[in-house]
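K.L.:
Take a look at model-v1.cif, mmCIF, C-alpha atoms and all ligand atoms:
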```cif
data_data
#
loop_
_atom_site.group_PDB
_atom_site.id
_atom_site.type_symbol
_atom_site.label_atom_id
_atom_site.label_comp_id
_atom_site.auth_asym_id
_atom_site.auth_seq_id
_atom_site.Cartn_x
_atom_site.Cartn_y
_atom_site.Cartn_z
ATOM 1 C CA MET A 1 0.000 0.000 0.000
ATOM 2 C CA THR A 2 1.190 3.517 -0.705
ATOM 3 C CA ALA A 3 -0.461 6.118 1.466
ATOM 4 C CA LYS A 4 -2.474 9.071 0.263
ATOM 5 C CA ILE A 5 -0.549 12.234 1.129
ATOM 6 C CA LEU A 6 -2.500 14.879 3.045
ATOM 7 C CA ASP A 7 -1.676 18.242 1.516
ATOM 8 C CA GLY A 8 -1.698 20.879 4.263
ATOM 9 C CA ASN A 9 -0.877 23.647 1.804
ATOM 10 C CA ALA A 10 -3.939 22.933 -0.344
ATOM 11 C CA LEU A 11 -6.323 22.690 2.620
ATOM 12 C CA SER A 12 -4.790 25.843 4.131
ATOM 13 C CA ALA A 13 -5.266 27.779 0.893
ATOM 14 C CA LYS A 14 -8.945 26.794 0.853
ATOM 15 C CA LEU A 15 -9.511 27.718 4.496
ATOM 16 C CA ARG A 16 -7.558 30.979 4.203
ATOM 17 C CA GLU A 17 -9.737 32.047 1.286
ATOM 18 C CA SER A 18 -12.817 31.831 3.488
ATOM 19 C CA LEU A 19 -10.948 33.518 6.384
ATOM 20 C CA ARG A 20 -10.066 36.385 4.027
ATOM 21 C CA HIS A 21 -13.778 36.970 3.384
ATOM 22 C CA ARG A 22 -14.580 36.922 7.099
ATOM 23 C CA ALA A 23 -11.734 39.376 7.837
ATOM 24 C CA ALA A 24 -12.988 41.755 5.110
ATOM 25 C CA GLU A 25 -16.536 41.608 6.487
ATOM 26 C CA LEU A 26 -15.284 42.418 9.990
ATOM 27 C CA ALA A 27 -13.105 45.245 8.670
ATOM 28 C CA ALA A 28 -16.120 46.755 6.908
ATOM 29 C CA GLN A 29 -17.874 46.834 10.282
ATOM 30 C CA GLY A 30 -14.884 48.564 11.927
ATOM 31 C CA PHE A 31 -13.469 45.415 13.528
ATOM 32 C CA GLN A 32 -10.483 44.498 11.368
ATOM 33 C CA PRO A 33 -8.969 41.484 13.154
ATOM 34 C CA GLY A 34 -5.597 42.312 14.739
ATOM 35 C CA LEU A 35 -2.789 40.025 15.931
ATOM 36 C CA ALA A 36 0.252 41.068 17.982
ATOM 37 C CA VAL A 37 3.295 38.802 17.909
ATOM 38 C CA ILE A 38 6.046 39.050 20.521
ATOM 39 C CA LEU A 39 9.452 37.568 19.824
ATOM 40 C CA VAL A 40 12.195 37.599 22.455
ATOM 41 C CA GLY A 41 15.739 36.650 21.447
ATOM 42 C CA GLU A 42 17.299 35.548 18.182
ATOM 43 C CA ASN A 43 16.250 31.888 17.844
ATOM 44 C CA PRO A 44 16.484 31.394 14.034
ATOM 45 C CA ALA A 45 13.581 28.905 13.851
ATOM 46 C CA SER A 46 11.358 31.275 15.873
ATOM 47 C CA GLN A 47 12.322 34.151 13.565
ATOM 48 C CA VAL A 48 11.177 32.107 10.546
ATOM 49 C CA TYR A 49 7.904 31.087 12.255
ATOM 50 C CA VAL A 50 7.134 34.681 13.231
ATOM 51 C CA ARG A 51 7.904 35.977 9.743
ATOM 52 C CA ASN A 52 5.556 33.370 8.247
ATOM 53 C CA LYS A 53 2.783 34.259 10.713
ATOM 54 C CA ILE A 54 3.041 37.970 9.846
ATOM 55 C CA LYS A 55 3.045 37.211 6.111
ATOM 56 C CA ALA A 56 -0.046 35.016 6.495
ATOM 57 C CA CYS A 57 -1.829 37.838 8.353
ATOM 58 C CA GLU A 58 -1.141 40.238 5.502
ATOM 59 C CA ALA A 59 -2.468 37.761 2.918
ATOM 60 C CA VAL A 60 -5.853 37.346 4.644
ATOM 61 C CA GLY A 61 -6.330 40.964 5.754
ATOM 62 C CA VAL A 62 -5.521 40.535 9.452
ATOM 63 C CA HIS A 63 -3.755 43.586 10.920
ATOM 64 C CA SER A 64 -0.487 42.497 12.541
ATOM 65 C CA GLU A 65 2.048 44.074 14.866
ATOM 66 C CA LYS A 66 5.436 42.542 15.622
ATOM 67 C CA TYR A 67 7.369 43.344 18.801
ATOM 68 C CA GLU A 68 10.952 42.093 18.954
ATOM 69 C CA PHE A 69 13.060 42.184 22.106
ATOM 70 C CA PRO A 70 16.726 41.244 22.526
ATOM 71 C CA ALA A 71 17.450 38.030 24.452
ATOM 72 C CA ASP A 72 18.666 39.908 27.562
ATOM 73 C CA THR A 73 15.459 41.968 27.943
ATOM 74 C CA PRO A 74 14.170 42.115 31.546
ATOM 75 C CA PRO A 75 10.876 40.115 31.722
ATOM 76 C CA GLU A 76 9.166 43.198 33.175
ATOM 77 C CA LYS A 77 9.506 44.977 29.828
ATOM 78 C CA VAL A 78 7.763 42.178 27.960
ATOM 79 C CA LEU A 79 5.050 41.961 30.644
ATOM 80 C CA ASN A 80 4.428 45.714 30.264
ATOM 81 C CA LYS A 81 4.023 45.312 26.497
ATOM 82 C CA ILE A 82 1.561 42.455 27.040
ATOM 83 C CA ALA A 83 -0.456 44.617 29.465
ATOM 84 C CA ALA A 84 -0.643 47.409 26.853
ATOM 85 C CA LEU A 85 -1.759 44.947 24.148
ATOM 86 C CA ASN A 86 -4.375 43.435 26.488
ATOM 87 C CA ALA A 87 -5.940 46.916 26.685
ATOM 88 C CA ASP A 88 -5.610 47.748 22.949
ATOM 89 C CA PRO A 89 -8.961 47.403 21.124
ATOM 90 C CA LYS A 90 -7.208 47.022 17.709
ATOM 91 C CA ILE A 91 -5.643 43.781 18.944
ATOM 92 C CA HIS A 92 -7.772 40.601 19.194
ATOM 93 C CA GLY A 93 -4.959 38.070 19.464
ATOM 94 C CA ILE A 94 -1.624 38.098 21.304
ATOM 95 C CA LEU A 95 1.021 35.485 20.630
ATOM 96 C CA VAL A 96 4.287 35.148 22.522
ATOM 97 C CA GLN A 97 6.588 32.989 20.418
ATOM 98 C CA LEU A 98 8.131 30.126 22.408
ATOM 99 C CA PRO A 99 10.675 29.214 23.599
ATOM 100 C CA LEU A 100 11.566 32.257 25.710
ATOM 101 C CA PRO A 101 15.139 32.872 26.952
ATOM 102 C CA PRO A 102 15.989 30.910 30.132
ATOM 103 C CA HIS A 103 15.668 33.875 32.551
ATOM 104 C CA PHE A 104 11.954 34.145 31.701
ATOM 105 C CA ASP A 105 9.248 32.339 33.652
ATOM 106 C CA GLU A 106 7.277 31.042 30.670
ATOM 107 C CA GLU A 107 4.166 30.346 32.715
ATOM 108 C CA GLU A 108 4.136 33.880 34.126
ATOM 109 C CA VAL A 109 4.319 35.350 30.624
ATOM 110 C CA LEU A 110 1.598 33.099 29.182
ATOM 111 C CA GLU A 111 -0.716 33.860 32.115
ATOM 112 C CA ALA A 112 -0.162 37.607 31.579
ATOM 113 C CA VAL A 113 -1.863 37.417 28.173
ATOM 114 C CA SER A 114 -5.575 38.132 28.516
ATOM 115 C CA ALA A 115 -7.431 34.798 28.233
ATOM 116 C CA GLU A 116 -9.794 36.543 25.778
ATOM 117 C CA LYS A 117 -6.855 37.317 23.429
ATOM 118 C CA ASP A 118 -4.906 34.076 23.961
ATOM 119 C CA VAL A 119 -5.130 32.824 20.361
ATOM 120 C CA ASP A 120 -2.456 30.180 21.097
ATOM 121 C CA GLY A 121 -4.747 28.605 23.711
ATOM 122 C CA PHE A 122 -1.878 28.380 26.215
ATOM 123 C CA HIS A 123 -3.455 30.326 29.126
ATOM 124 C CA ALA A 124 -4.406 28.040 32.039
ATOM 125 C CA GLU A 125 -8.041 29.170 31.783
ATOM 126 C CA ASN A 126 -8.172 28.156 28.113
ATOM 127 C CA VAL A 127 -6.439 24.829 28.769
ATOM 128 C CA GLY A 128 -9.045 24.226 31.496
ATOM 129 C CA LEU A 129 -11.924 25.072 29.173
ATOM 130 C CA LEU A 130 -10.551 22.683 26.554
ATOM 131 C CA ALA A 131 -10.182 19.944 29.181
ATOM 132 C CA GLN A 132 -13.836 20.471 30.102
ATOM 133 C CA GLY A 133 -14.828 20.064 26.452
ATOM 134 C CA ASN A 134 -15.918 23.686 26.143
ATOM 135 C CA PRO A 135 -12.961 25.396 24.403
ATOM 136 C CA ARG A 136 -12.583 29.157 23.917
ATOM 137 C CA PHE A 137 -9.369 28.906 21.848
ATOM 138 C CA ILE A 138 -7.864 25.609 20.697
ATOM 139 C CA SER A 139 -4.049 25.496 20.376
ATOM 140 C CA CYS A 140 -3.245 26.006 16.724
ATOM 141 C CA THR A 141 -1.320 22.830 15.868
ATOM 142 C CA PRO A 142 -3.762 20.299 17.374
ATOM 143 C CA TYR A 143 -6.630 22.368 15.958
ATOM 144 C CA GLY A 144 -5.006 22.123 12.512
ATOM 145 C CA VAL A 145 -4.653 18.346 12.880
ATOM 146 C CA MET A 146 -8.360 18.000 13.736
ATOM 147 C CA GLU A 147 -9.270 20.126 10.688
ATOM 148 C CA MET A 148 -7.157 17.908 8.424
ATOM 149 C CA LEU A 149 -8.847 14.768 9.768
ATOM 150 C CA SER A 150 -12.275 16.325 9.440
ATOM 151 C CA ALA A 151 -11.591 17.471 5.840
ATOM 152 C CA GLU A 152 -10.802 13.829 5.009
ATOM 153 C CA GLY A 153 -14.056 12.700 6.618
ATOM 154 C CA ILE A 154 -12.202 10.544 9.146
ATOM 155 C CA SER A 155 -14.348 9.496 12.078
ATOM 156 C CA LEU A 156 -12.450 9.025 15.334
ATOM 157 C CA ARG A 157 -15.249 7.473 17.356
ATOM 158 C CA GLY A 158 -13.958 4.305 19.028
ATOM 159 C CA LYS A 159 -10.639 4.430 17.134
ATOM 160 C CA GLU A 160 -7.322 3.688 18.792
ATOM 161 C CA ALA A 161 -5.351 6.939 18.759
ATOM 162 C CA VAL A 162 -1.746 7.093 19.934
ATOM 163 C CA VAL A 163 -0.107 10.452 20.604
ATOM 164 C CA VAL A 164 3.687 10.380 20.874
ATOM 165 C CA GLY A 165 4.749 13.428 22.905
ATOM 166 C CA ARG A 166 3.196 15.111 25.943
ATOM 167 C CA SER A 167 4.087 18.785 25.426
ATOM 168 C CA ASN A 168 1.783 21.598 26.498
ATOM 169 C CA ILE A 169 1.858 22.978 22.938
ATOM 170 C CA VAL A 170 0.848 19.806 21.090
ATOM 171 C CA GLY A 171 0.684 16.480 22.949
ATOM 172 C CA LYS A 172 -1.639 17.468 25.808
ATOM 173 C CA PRO A 173 -4.169 19.565 23.836
ATOM 174 C CA MET A 174 -4.106 16.946 21.030
ATOM 175 C CA THR A 175 -4.981 14.281 23.573
ATOM 176 C CA LEU A 176 -7.889 16.338 24.928
ATOM 177 C CA LEU A 177 -9.277 16.932 21.428
ATOM 178 C CA LEU A 178 -9.043 13.249 20.521
ATOM 179 C CA ILE A 179 -10.841 12.274 23.734
ATOM 180 C CA GLY A 180 -13.489 14.858 22.833
ATOM 181 C CA ALA A 181 -13.856 13.129 19.445
ATOM 182 C CA SER A 182 -14.482 9.802 21.264
ATOM 183 C CA ALA A 183 -11.204 8.116 20.323
ATOM 184 C CA THR A 184 -9.481 5.778 22.789
ATOM 185 C CA VAL A 185 -6.257 7.656 23.438
ATOM 186 C CA THR A 186 -2.833 6.463 24.552
ATOM 187 C CA VAL A 187 -0.106 9.029 25.248
ATOM 188 C CA CYS A 188 3.519 7.926 24.847
ATOM 189 C CA HIS A 189 6.591 9.920 25.904
ATOM 190 C CA SER A 190 10.300 9.671 26.634
ATOM 191 C CA GLN A 191 9.742 7.264 29.548
ATOM 192 C CA THR A 192 7.427 4.887 27.638
ATOM 193 C CA LYS A 193 8.911 1.378 27.872
ATOM 194 C CA ASP A 194 7.974 -0.181 24.528
ATOM 195 C CA LEU A 195 7.004 2.604 22.130
ATOM 196 C CA ALA A 196 6.516 0.325 19.100
ATOM 197 C CA PHE A 197 4.087 -1.908 21.064
ATOM 198 C CA HIS A 198 1.795 1.114 21.417
ATOM 199 C CA THR A 199 2.303 2.707 17.999
ATOM 200 C CA ARG A 200 1.554 -0.602 16.220
ATOM 201 C CA ARG A 201 -1.931 -0.592 17.774
ATOM 202 C CA ALA A 202 -2.764 2.893 16.489
ATOM 203 C CA ASP A 203 -5.488 3.534 13.898
ATOM 204 C CA LEU A 204 -4.407 7.170 14.235
ATOM 205 C CA LEU A 205 -0.808 7.953 15.103
ATOM 206 C CA VAL A 206 0.218 11.517 15.956
ATOM 207 C CA ALA A 207 3.967 12.084 16.260
ATOM 208 C CA ALA A 208 4.951 15.228 18.184
ATOM 209 C CA VAL A 209 8.321 14.625 19.805
ATOM 210 C CA GLY A 210 10.897 16.639 17.856
ATOM 211 C CA LYS A 211 13.136 13.657 16.996
ATOM 212 C CA PRO A 212 13.928 13.315 13.292
ATOM 213 C CA LYS A 213 12.462 10.181 11.635
ATOM 214 C CA MET A 214 12.042 8.309 14.922
ATOM 215 C CA ILE A 215 8.773 6.616 13.863
ATOM 216 C CA THR A 216 9.613 4.062 11.184
ATOM 217 C CA GLY A 217 7.325 2.010 8.932
ATOM 218 C CA ASP A 218 7.715 -1.140 11.055
ATOM 219 C CA MET A 219 6.193 0.746 14.035
ATOM 220 C CA ILE A 220 2.976 1.537 12.125
ATOM 221 C CA LYS A 221 -0.186 -0.547 11.811
ATOM 222 C CA PRO A 222 -1.041 -1.262 8.158
ATOM 223 C CA GLY A 223 -3.687 1.212 6.991
ATOM 224 C CA ALA A 224 -3.148 3.666 9.862
ATOM 225 C CA VAL A 225 -3.546 7.432 9.521
ATOM 226 C CA VAL A 226 -0.196 9.035 10.371
ATOM 227 C CA ILE A 227 0.042 12.690 11.368
ATOM 228 C CA ASP A 228 3.556 14.093 11.640
ATOM 229 C CA VAL A 229 3.823 17.251 13.738
ATOM 230 C CA GLY A 230 7.637 17.284 13.892
ATOM 231 C CA ILE A 231 9.686 19.928 12.085
ATOM 232 C CA ASN A 232 13.369 19.022 12.321
ATOM 233 C CA ARG A 233 16.291 20.460 10.385
ATOM 234 C CA GLN A 234 18.703 17.830 9.092
ATOM 235 C CA ALA A 235 22.460 18.221 8.645
ATOM 236 C CA ASP A 236 21.950 18.992 4.925
ATOM 237 C CA GLY A 237 19.628 21.885 5.867
ATOM 238 C CA LYS A 238 16.466 20.092 4.667
ATOM 239 C CA LEU A 239 13.426 19.716 6.930
ATOM 240 C CA CYS A 240 12.084 16.360 8.044
ATOM 241 C CA GLY A 241 9.407 15.183 10.438
ATOM 242 C CA ASP A 242 9.356 12.827 13.412
ATOM 243 C CA VAL A 243 8.180 10.095 11.025
ATOM 244 C CA ASP A 244 10.441 8.352 8.545
ATOM 245 C CA PHE A 245 8.250 9.302 5.588
ATOM 246 C CA ASP A 246 9.701 6.877 3.031
ATOM 247 C CA SER A 247 9.116 3.718 5.082
ATOM 248 C CA ALA A 248 5.882 4.967 6.709
ATOM 249 C CA LYS A 249 4.123 5.806 3.455
ATOM 250 C CA GLU A 250 4.373 2.150 2.405
ATOM 251 C CA VAL A 251 2.353 1.058 5.443
ATOM 252 C CA ALA A 252 -0.056 3.907 6.262
ATOM 253 C CA SER A 253 -3.273 4.703 4.391
ATOM 254 C CA LEU A 254 -2.932 8.464 4.899
ATOM 255 C CA ILE A 255 0.124 10.470 5.907
ATOM 256 C CA THR A 256 1.118 14.118 6.292
ATOM 257 C CA PRO A 257 4.406 15.217 4.707
ATOM 258 C CA VAL A 258 7.027 17.544 6.238
ATOM 259 C CA PRO A 259 7.140 20.233 5.041
ATOM 260 C CA GLY A 260 3.675 20.916 3.617
ATOM 261 C CA GLY A 261 1.538 18.947 6.065
ATOM 262 C CA VAL A 262 0.600 20.151 9.542
ATOM 263 C CA GLY A 263 2.923 23.224 9.428
ATOM 264 C CA PRO A 264 0.782 25.452 7.196
ATOM 265 C CA MET A 265 -2.340 24.362 9.086
ATOM 266 C CA THR A 266 -0.885 25.675 12.367
ATOM 267 C CA ILE A 267 -0.672 29.180 10.918
ATOM 268 C CA THR A 268 -4.112 28.879 9.319
ATOM 269 C CA MET A 269 -5.695 28.044 12.681
ATOM 270 C CA LEU A 270 -3.885 30.990 14.284
ATOM 271 C CA LEU A 271 -5.618 33.216 11.733
ATOM 272 C CA ALA A 272 -8.921 31.439 12.410
ATOM 273 C CA ASN A 273 -8.563 32.003 16.176
ATOM 274 C CA THR A 274 -7.719 35.693 15.657
ATOM 275 C CA ILE A 275 -10.756 36.190 13.417
ATOM 276 C CA GLU A 276 -12.946 34.276 15.895
ATOM 277 C CA SER A 277 -11.702 36.611 18.634
ATOM 278 C CA ALA A 278 -12.515 39.665 16.469
ATOM 279 C CA ASP A 279 -15.986 38.173 15.859
ATOM 280 C CA ARG A 280 -16.509 38.086 19.628
ATOM 281 C CA ALA A 281 -15.279 41.691 19.988
ATOM 282 C CA ALA A 282 -17.811 42.667 17.310
ATOM 283 C CA GLY A 283 -20.532 40.973 19.367
ATOM 284 C CA LYS A 284 -21.028 38.058 16.939
HETATM 285 N N1 LIG B 301 6.728 27.605 19.406
HETATM 286 C C1 LIG B 301 6.543 26.435 18.742
HETATM 287 N N2 LIG B 301 5.243 26.286 18.408
HETATM 288 C C2 LIG B 301 4.602 27.381 18.864
HETATM 289 C C3 LIG B 301 3.233 27.804 18.810
HETATM 290 O O1 LIG B 301 2.338 27.132 18.286
HETATM 291 N N3 LIG B 301 2.991 29.003 19.399
HETATM 292 C C4 LIG B 301 3.952 29.744 19.991
HETATM 293 N N4 LIG B 301 3.588 30.887 20.551
HETATM 294 N N5 LIG B 301 5.208 29.379 20.066
HETATM 295 C C5 LIG B 301 5.532 28.203 19.499
#
```
Using structure tokens, write down the structure from this file.
Ligand code: GUN

P.N.:
Amino acid sequence: MTAKILDGNALSAKLRESLRHRAAELAAQGFQPGLAVILVGENPASQVYVRNKIKACEAVGVHSEKYEFPADTPPEKVLNKIAALNADPKIHGILVQLPLPPHFDEEEVLEAVSAEKDVDGFHAENVGLLAQGNPRFISCTPYGVMEMLSAEGISLRGKEAVVVGRSNIVGKPMTLLLIGASATVTVCHSQTKDLAFHTRRADLLVAAVGKPKMITGDMIKPGAVVIDVGINRQADGKLCGDVDFDSAKEVASLITPVPGGVGPMTITMLLANTIESADRAAGK
């Protein structure tokens, strides 16, 4: 079997077209959606992500503001900027790009963002709402994965789903969403004893660990749906996922590529969350 490849760029383009219409409608009513992005330090990957987020905003008509701080900035300065953005009616979404430099208390910064503007879904209140099955904002990457599955008409009810990775950004919210979709969910992580035992049982396998090509074809159940959240840079400068694409595509029924799979969907759902937030500000 050779898997069907899920094209995140194509689905993103379709979704962004409809987001562009929604943004224009809001703008006409005086509520142009606005996103503020805060970047602290000079992490090259973060710089690329932030640039792509700003570019995507421009393409769909979302107003964007970028605030860059050097790595040695006192946390107080960033917290003051967040407080100003919380109070700014032009801004409906605030995103603090992670990771932050080591002298920052990440939790303190994420909690400083107003829960009503937390388009990343990282604020404790929003994580709690998601856990209760009543989300305000869903974290962009897991949200993008759910959209890809839904666009393919994949039902998760009663399916065995295995999530590899337990991060706050992907693994945990992904797990909550899959439970909400009535899958039976197993979460694997660095201390899991026999990873392949679990992954081979998965009808849906989500890899979100940040280890290049660690999931190989022999670890995948024939016909499984494989979602690769990893974005790793190889020695030759090329990107690869957490899944060994070449061996996995011979076993899976559906698979996301890297690049061009989940990555573009993450940014698309950030735009969707920002527009949703502007909708709420407009009283919709
Ligand atoms: N760093 C890696 N992924 C993300 C993300 O989705 N949001 C933010 N803010 N930082 C990240």

K.L.:
Looking at only C-alpha atoms, which of A:Ala84, A:Tyr49, A:Ile38, A:Arg280 is the one that sits closest to A:Glu65?

P.N.:
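Looking at the shortest contact to A:Glu65, the residue is A:Ile38.
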
K.L.:
What would the selection look like, as an mmCIF file with C-alpha atoms, in the frame of the given file, if the PyMOL selection byres (((chain A and resi 78) around 10) and not hetatm) were run on the coordinates I just shared?

P.N.:
```cif
data_model
loop_
_atom_site.group_PDB
_atom_site.id
_atom_site.type_symbol
_atom_site.label_atom_id
_atom_site.label_comp_id
_atom_site.auth_asym_id
_atom_site.auth_seq_id
_atom_site.Cartn_x
_atom_site.Cartn_y
_atom_site.Cartn_z
ATOM 1 C CA ILE A 38 6.046 39.050 20.521
ATOM 2 C CA LEU A 39 9.452 37.568 19.824
ATOM 3 C CA VAL A 40 12.195 37.599 22.455
ATOM 4 C CA TYR A 67 7.369 43.344 18.801
ATOM 5 C CA GLU A 68 10.952 42.093 18.954
ATOM 6 C CA PHE A 69 13.060 42.184 22.106
ATOM 7 C CA THR A 73 15.459 41.968 27.943
ATOM 8 C CA PRO A 74 14.170 42.115 31.546
ATOM 9 C CA PRO A 75 10.876 40.115 31.722
ATOM 10 C CA GLU A 76 9.166 43.198 33.175
ATOM 11 C CA LYS A 77 9.506 44.977 29.828
ATOM 12 C CA LEU A 79 5.050 41.961 30.644
ATOM 13 C CA ASN A 80 4.428 45.714 30.264
ATOM 14 C CA LYS A 81 4.023 45.312 26.497
ATOM 15 C CA ILE A 82 1.561 42.455 27.040
ATOM 16 C CA ALA A 83 -0.456 44.617 29.465
ATOM 17 C CA ALA A 84 -0.643 47.409 26.853
ATOM 18 C CA VAL A 96 4.287 35.148 22.522
ATOM 19 C CA PHE A 104 11.954 34.145 31.701
ATOM 20 C CA VAL A 109 4.319 35.350 30.624
ATOM 21 C CA ALA A 112 -0.162 37.607 31.579
#
```

K.L.:
Decode the PyMOL selection byres (((chain A and resi 27) around 12) and not hetatm) for the given file into explicit residues and return them as a list in words.

P.N.:
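Given this file, the PyMOL selection byres (((chain A and resi 27) around 12) and not hetatm) evaluates to Arg20, His21, Arg22, Ala23, Ala24, Glu25, Leu26, Ala28, Gln29, Gly30, Phe31, Gln32, Pro33, Gly34, Val60, Gly61, Val62, His63, Lys90, Ile275, Ala278, Asp279 and Ala282 of chain A.
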
K.L.:
Go ahead and dump the residues you just picked, C-alpha atoms, as a PDB file, keeping the file's coordinate frame.

P.N.:
```pdb
ATOM      1  CA  ARG A  20     -10.066  36.385   4.027  1.00  0.00           C
ATOM      2  CA  HIS A  21     -13.778  36.970   3.384  1.00  0.00           C
ATOM      3  CA  ARG A  22     -14.580  36.922   7.099  1.00  0.00           C
ATOM      4  CA  ALA A  23     -11.734  39.376   7.837  1.00  0.00           C
ATOM      5  CA  ALA A  24     -12.988  41.755   5.110  1.00  0.00           C
ATOM      6  CA  GLU A  25     -16.536  41.608   6.487  1.00  0.00           C
ATOM      7  CA  LEU A  26     -15.284  42.418   9.990  1.00  0.00           C
ATOM      8  CA  ALA A  28     -16.120  46.755   6.908  1.00  0.00           C
ATOM      9  CA  GLN A  29     -17.874  46.834  10.282  1.00  0.00           C
ATOM     10  CA  GLY A  30     -14.884  48.564  11.927  1.00  0.00           C
ATOM     11  CA  PHE A  31     -13.469  45.415  13.528  1.00  0.00           C
ATOM     12  CA  GLN A  32     -10.483  44.498  11.368  1.00  0.00           C
ATOM     13  CA  PRO A  33      -8.969  41.484  13.154  1.00  0.00           C
ATOM     14  CA  GLY A  34      -5.597  42.312  14.739  1.00  0.00           C
ATOM     15  CA  VAL A  60      -5.853  37.346   4.644  1.00  0.00           C
ATOM     16  CA  GLY A  61      -6.330  40.964   5.754  1.00  0.00           C
ATOM     17  CA  VAL A  62      -5.521  40.535   9.452  1.00  0.00           C
ATOM     18  CA  HIS A  63      -3.755  43.586  10.920  1.00  0.00           C
ATOM     19  CA  LYS A  90      -7.208  47.022  17.709  1.00  0.00           C
ATOM     20  CA  ILE A 275     -10.756  36.190  13.417  1.00  0.00           C
ATOM     21  CA  ALA A 278     -12.515  39.665  16.469  1.00  0.00           C
ATOM     22  CA  ASP A 279     -15.986  38.173  15.859  1.00  0.00           C
ATOM     23  CA  ALA A 282     -17.811  42.667  17.310  1.00  0.00           C
TER      24      ALA A 282
END
```

K.L.:
Set the cut-off to 10 Å, count all atoms listed in the file, and list whatever residues fall near ligand LIG 301 (chain B) as a PyMOL selection string.

P.N.:
chain A and resi 37-39+45-46+49-50+94-100+110+118-122+139-142+168-170+231+263+266-267+269-270

K.L.:
Write the residues of the preceding selection, restricted to C-alpha atoms, as a compact mmCIF listing (two decimals), in the coordinates of the input.

P.N.:
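Just written: result.txt:
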```
# COMPACT_ATOMS: atom_id res chain seq x y z
CA VAL A 37 3.30 38.80 17.91
CA ILE A 38 6.05 39.05 20.52
CA LEU A 39 9.45 37.57 19.82
CA ALA A 45 13.58 28.90 13.85
CA SER A 46 11.36 31.28 15.87
CA TYR A 49 7.90 31.09 12.26
CA VAL A 50 7.13 34.68 13.23
CA ILE A 94 -1.62 38.10 21.30
CA LEU A 95 1.02 35.48 20.63
CA VAL A 96 4.29 35.15 22.52
CA GLN A 97 6.59 32.99 20.42
CA LEU A 98 8.13 30.13 22.41
CA PRO A 99 10.68 29.21 23.60
CA LEU A 100 11.57 32.26 25.71
CA LEU A 110 1.60 33.10 29.18
CA ASP A 118 -4.91 34.08 23.96
CA VAL A 119 -5.13 32.82 20.36
CA ASP A 120 -2.46 30.18 21.10
CA GLY A 121 -4.75 28.60 23.71
CA PHE A 122 -1.88 28.38 26.22
CA SER A 139 -4.05 25.50 20.38
CA CYS A 140 -3.24 26.01 16.72
CA THR A 141 -1.32 22.83 15.87
CA PRO A 142 -3.76 20.30 17.37
CA ASN A 168 1.78 21.60 26.50
CA ILE A 169 1.86 22.98 22.94
CA VAL A 170 0.85 19.81 21.09
CA ILE A 231 9.69 19.93 12.08
CA GLY A 263 2.92 23.22 9.43
CA THR A 266 -0.88 25.68 12.37
CA ILE A 267 -0.67 29.18 10.92
CA MET A 269 -5.70 28.04 12.68
CA LEU A 270 -3.88 30.99 14.28
```

K.L.:
For the PyMOL selection byres (((chain A and resi 130) around 12) and not hetatm), applied here, can you spell out every residue it catches as a PDB file with C-alpha atoms, keeping the file's coordinate frame?

P.N.:
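Produced file result_33.pdb, reproduced below:
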```pdb
ATOM      1  CA  GLY A 121      -4.747  28.605  23.711  1.00  0.00           C
ATOM      2  CA  PHE A 122      -1.878  28.380  26.215  1.00  0.00           C
ATOM      3  CA  HIS A 123      -3.455  30.326  29.126  1.00  0.00           C
ATOM      4  CA  ALA A 124      -4.406  28.040  32.039  1.00  0.00           C
ATOM      5  CA  GLU A 125      -8.041  29.170  31.783  1.00  0.00           C
ATOM      6  CA  ASN A 126      -8.172  28.156  28.113  1.00  0.00           C
ATOM      7  CA  VAL A 127      -6.439  24.829  28.769  1.00  0.00           C
ATOM      8  CA  GLY A 128      -9.045  24.226  31.496  1.00  0.00           C
ATOM      9  CA  LEU A 129     -11.924  25.072  29.173  1.00  0.00           C
ATOM     10  CA  ALA A 131     -10.182  19.944  29.181  1.00  0.00           C
ATOM     11  CA  GLN A 132     -13.836  20.471  30.102  1.00  0.00           C
ATOM     12  CA  GLY A 133     -14.828  20.064  26.452  1.00  0.00           C
ATOM     13  CA  ASN A 134     -15.918  23.686  26.143  1.00  0.00           C
ATOM     14  CA  PRO A 135     -12.961  25.396  24.403  1.00  0.00           C
ATOM     15  CA  ARG A 136     -12.583  29.157  23.917  1.00  0.00           C
ATOM     16  CA  PHE A 137      -9.369  28.906  21.848  1.00  0.00           C
ATOM     17  CA  ILE A 138      -7.864  25.609  20.697  1.00  0.00           C
ATOM     18  CA  SER A 139      -4.049  25.496  20.376  1.00  0.00           C
ATOM     19  CA  PRO A 142      -3.762  20.299  17.374  1.00  0.00           C
ATOM     20  CA  TYR A 143      -6.630  22.368  15.958  1.00  0.00           C
ATOM     21  CA  LYS A 172      -1.639  17.468  25.808  1.00  0.00           C
ATOM     22  CA  PRO A 173      -4.169  19.565  23.836  1.00  0.00           C
ATOM     23  CA  MET A 174      -4.106  16.946  21.030  1.00  0.00           C
ATOM     24  CA  THR A 175      -4.981  14.281  23.573  1.00  0.00           C
ATOM     25  CA  LEU A 176      -7.889  16.338  24.928  1.00  0.00           C
ATOM     26  CA  LEU A 177      -9.277  16.932  21.428  1.00  0.00           C
ATOM     27  CA  LEU A 178      -9.043  13.249  20.521  1.00  0.00           C
ATOM     28  CA  ILE A 179     -10.841  12.274  23.734  1.00  0.00           C
ATOM     29  CA  GLY A 180     -13.489  14.858  22.833  1.00  0.00           C
TER      30      GLY A 180
END
```

K.L.:
Looking at all atoms listed in the file, which of A:Gly210, A:Gly217, A:Pro257, A:Gly165 is the one that sits closest to A:Cys188?

P.N.:
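Of the candidates, the smallest distance to A:Cys188 is held by A:Gly165.
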
K.L.:
Looking at all atoms listed in the file, which of A:Lys238, A:Lys4, A:Lys66, A:Lys14 is the one that sits closest to A:Glu147?

P.N.:
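Looking at the shortest contact to A:Glu147, the residue is A:Lys14.
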